[in-house]
Amino acid sequence: MLCFRIEKEISPGDRAILRRGDHYITYTGIDVDAKKFILYELFDDSWNSMEKRMIGENLRAHAPTLVEVRKRLFVVFLGKSPFKDQSECVWFYEHGTDNVKPVFVPHGMRVTEKNWAPFDYRGSLAFVYCFDPLVVFTCDTDTGKCSVIKGQFPCNTSGLTIKGGTSLWDAGEFYEGFVQSKHEGLRMTHLVKITKKLDMSSVSEPVTYGRDEEDTQVPLSAWTEGDKIYITATVGRTCVMAEFQEKTWSEKVRDMLSSRKSSQSSPPR
């Protein structure tokens, strides 16, 4: 069984989080008076705000996620496109610098581009553009120009069940991350694994948050702390921070048998 243990409810907006040392770096999509922007906020270990500033108001910036590439932190977000015949595209902002670029492929982009999943591929900023079929780009962070390194582009992305969610991280044998699915009105979260040769390995069963009554479950950002994996996600109308918990089948059986043994050993009433 795959599940999250919710640790904290976060409001307002959709918050992407990365822990560095004893600080939390956060970027949150904010919508105020019909204006979209991203709020950067730095917190200490007890979640006391230490620093904040606004970015991307002129770009209608929203939906941020975070990815580290060789210790460079990139905020990947959606915003108004500067390109002809396109309304919205993917952008990146390099944390702590003035480097802000729209991300593009020279030919074949759609009117609205979204759901690109960023990751560190051999020291370069890369994106999973599409999970089915798998299409992967690498990005020149000096220009924002992307090149296809896996799959065929352009490709049809309409009607897909599995779409991007968080950034991916290097888990040793695989690149792993959380994606979203949309089917018959339900939006769910799944763990995806991609091999180091950039082949799709697996997509998990839906991951639960302990709030099964909610029909909207959208993963926003993910990060690791030692051997623990954390995520922020929109569950219903609430943004939450949660720890990922994965039990193998043998652990499930052991728990079940332990519970049964305990009940059998209880004295009769």
# chains A, B, ... in the order shown; residues from 1 in each chain; ligands from 1

call {"tool": "residues_around", "arguments": {"residues": "Thr224 in chain A", "least_positions_apart": "2", "cutoff": "10 Å", "atoms": "only C-alpha atoms", "output": "list in words"}}
result
Leu18, Arg19, Trp169, Ala171, Ala222, Gly226, Asp227, Lys228, Ile229, Tyr230, Ile231, Glu243 and Phe244 of chain A

call {"tool": "select_by_dssp", "arguments": {"residues": "range 52-212 of chain A", "states": "strand (DSSP E or B)", "output": "ChimeraX atom specification"}}
result
/A:52-55,62-69,72-80,88-94,100-102,104,112,117-121,124-131,134-139,145-150,162-163,169-170,174-183,186-195,200-203,207-208

call {"tool": "closest_atom_pairs", "arguments": {"of": "range 156-189 of chain A", "to": "range 49-72 of chain A", "cutoff": "8 Å", "atoms": "only C-alpha atoms", "output": "Markdown table"}}
result
| residue | atom | partner | partner_atom | distance |
| --- | --- | --- | --- | --- |
| A:Thr166 | CA | A:Thr65 | CA | 6.6 |
| A:Ser167 | CA | A:Val67 | CA | 6.0 |
| A:Leu168 | CA | A:Val67 | CA | 7.9 |

call {"tool": "closest_residue", "arguments": {"among": "A:Val76, A:Gly13, A:Gly172, A:Arg122", "to": "His95 in chain A", "atoms": "only C-alpha atoms"}}
result
A:Val76

call {"tool": "closest_residue", "arguments": {"among": "A:Gly185, A:Gly29, A:Gly164, A:Pro106", "to": "Phe127 in chain A", "atoms": "only C-alpha atoms"}}
result
A:Gly164

call {"tool": "residues_around", "arguments": {"residues": "Val105 in chain A", "least_positions_apart": "3", "cutoff": "12 Å", "atoms": "only C-alpha atoms", "output": "compact mmCIF listing (two decimals) with C-alpha atoms, in the first residue's frame"}}
result
# COMPACT_ATOMS: atom_id res chain seq x y z
CA PHE A 83 5.88 33.51 -28.22
CA CYS A 89 4.15 28.42 -21.50
CA VAL A 90 6.59 26.98 -18.98
CA PRO A 102 10.61 31.02 -20.98
CA GLY A 108 5.63 22.05 -32.43
CA MET A 109 4.57 23.71 -29.18
CA ARG A 110 0.87 23.89 -28.28
CA GLU A 113 1.97 24.29 -22.45
CA PHE A 127 11.79 17.89 -18.42
CA TYR A 129 7.15 16.54 -21.52
CA VAL A 136 11.99 13.98 -22.56
CA PHE A 137 13.72 17.34 -23.20
CA THR A 138 16.96 18.83 -21.97
CA CYS A 139 17.05 22.60 -21.52
CA ASP A 140 19.80 25.15 -22.14
CA THR A 143 18.53 30.48 -23.54
CA GLY A 144 15.57 28.33 -22.39
CA LYS A 145 15.78 26.34 -25.62
CA CYS A 146 14.96 22.62 -25.29
CA SER A 147 16.13 19.63 -27.30
CA VAL A 148 14.41 16.25 -27.55
CA PHE A 153 8.01 15.59 -30.79
CA PRO A 154 5.53 17.07 -31.49

call {"tool": "atom_distance", "arguments": {"atom1": "CA of Glu94 in chain A", "atom2": "CA of Glu173 in chain A"}}
result
27.6 Å

call {"tool": "atom_distance", "arguments": {"atom1": "CA of Asp45 in chain A", "atom2": "CA of Val32 in chain A"}}
result
28.0 Å

call {"tool": "atom_distance", "arguments": {"atom1": "CA of Leu220 in chain A", "atom2": "CA of Ala16 in chain A"}}
result
6.3 Å

call {"tool": "closest_residue", "arguments": {"among": "A:Leu134, A:Asp14, A:Leu125, A:Leu2", "to": "Thr189 in chain A", "atoms": "only C-alpha atoms"}}
result
A:Leu2

call {"tool": "closest_residue", "arguments": {"among": "A:Met200, A:Leu160, A:Ile30, A:Ala242", "to": "Val128 in chain A", "atoms": "only C-alpha atoms"}}
result
A:Met200

call {"tool": "decode", "arguments": {"residues": "range 24-84 of chain A", "atoms": "C-alpha atoms", "output": "short mmCIF file (atom, residue, chain, number, x, y, z; two decimals), in the first residue's frame"}}
result
data_model
loop_
_atom_site.label_atom_id
_atom_site.label_comp_id
_atom_site.auth_asym_id
_atom_site.auth_seq_id
_atom_site.Cartn_x
_atom_site.Cartn_y
_atom_site.Cartn_z
CA TYR A 24 12.44 25.74 4.21
CA ILE A 25 12.50 27.49 0.84
CA THR A 26 8.96 27.92 -0.46
CA TYR A 27 7.33 29.34 -3.57
CA THR A 28 3.57 29.75 -3.56
CA GLY A 29 1.10 30.53 -6.33
CA ILE A 30 -1.08 33.43 -5.19
CA ASP A 31 -4.22 34.87 -6.81
CA VAL A 32 -5.27 38.28 -5.46
CA ASP A 33 -7.72 40.66 -7.17
CA ALA A 34 -7.53 38.59 -10.37
CA LYS A 35 -3.73 38.99 -10.40
CA LYS A 36 -1.50 35.90 -10.39
CA PHE A 37 2.01 35.91 -8.97
CA ILE A 38 4.42 33.73 -7.01
CA LEU A 39 5.40 34.51 -3.45
CA TYR A 40 8.87 33.47 -2.30
CA GLU A 41 9.07 32.89 1.44
CA LEU A 42 11.86 31.53 3.62
CA PHE A 43 11.01 29.78 6.90
CA ASP A 44 13.11 28.52 9.78
CA ASP A 45 12.85 25.00 11.19
CA SER A 46 9.81 26.00 13.29
CA TRP A 47 8.02 27.54 10.30
CA ASN A 48 8.62 31.14 11.33
CA SER A 49 8.74 33.42 8.28
CA MET A 50 12.16 35.02 7.81
CA GLU A 51 12.07 36.56 4.34
CA LYS A 52 9.59 37.06 1.50
CA ARG A 53 9.22 38.71 -1.88
CA MET A 54 6.94 38.59 -4.90
CA ILE A 55 7.98 37.45 -8.40
CA GLY A 56 6.32 37.09 -11.78
CA GLU A 57 3.32 39.40 -11.40
CA ASN A 58 3.84 40.76 -14.92
CA LEU A 59 3.88 37.16 -16.23
CA ARG A 60 0.67 35.96 -14.51
CA ALA A 61 2.97 33.42 -12.84
CA HIS A 62 1.40 30.41 -11.12
CA ALA A 63 1.78 26.68 -10.38
CA PRO A 64 5.41 26.65 -9.16
CA THR A 65 7.49 23.55 -8.56
CA LEU A 66 11.14 23.26 -7.51
CA VAL A 67 14.08 21.27 -8.84
CA GLU A 68 17.78 21.22 -7.92
CA VAL A 69 20.37 20.74 -10.66
CA ARG A 70 23.93 20.46 -9.34
CA LYS A 71 23.02 22.59 -6.32
CA ARG A 72 21.35 25.23 -8.52
CA LEU A 73 17.71 25.67 -7.52
CA PHE A 74 15.19 26.33 -10.27
CA VAL A 75 11.58 27.43 -9.81
CA VAL A 76 9.59 26.05 -12.73
CA PHE A 77 6.23 27.76 -13.22
CA LEU A 78 3.53 28.61 -15.75
CA GLY A 79 3.09 32.10 -17.14
CA LYS A 80 2.10 34.32 -20.04
CA SER A 81 3.89 33.29 -23.21
CA PRO A 82 6.08 35.73 -25.15
CA PHE A 83 5.88 33.51 -28.22
CA LYS A 84 3.62 34.07 -31.24
#
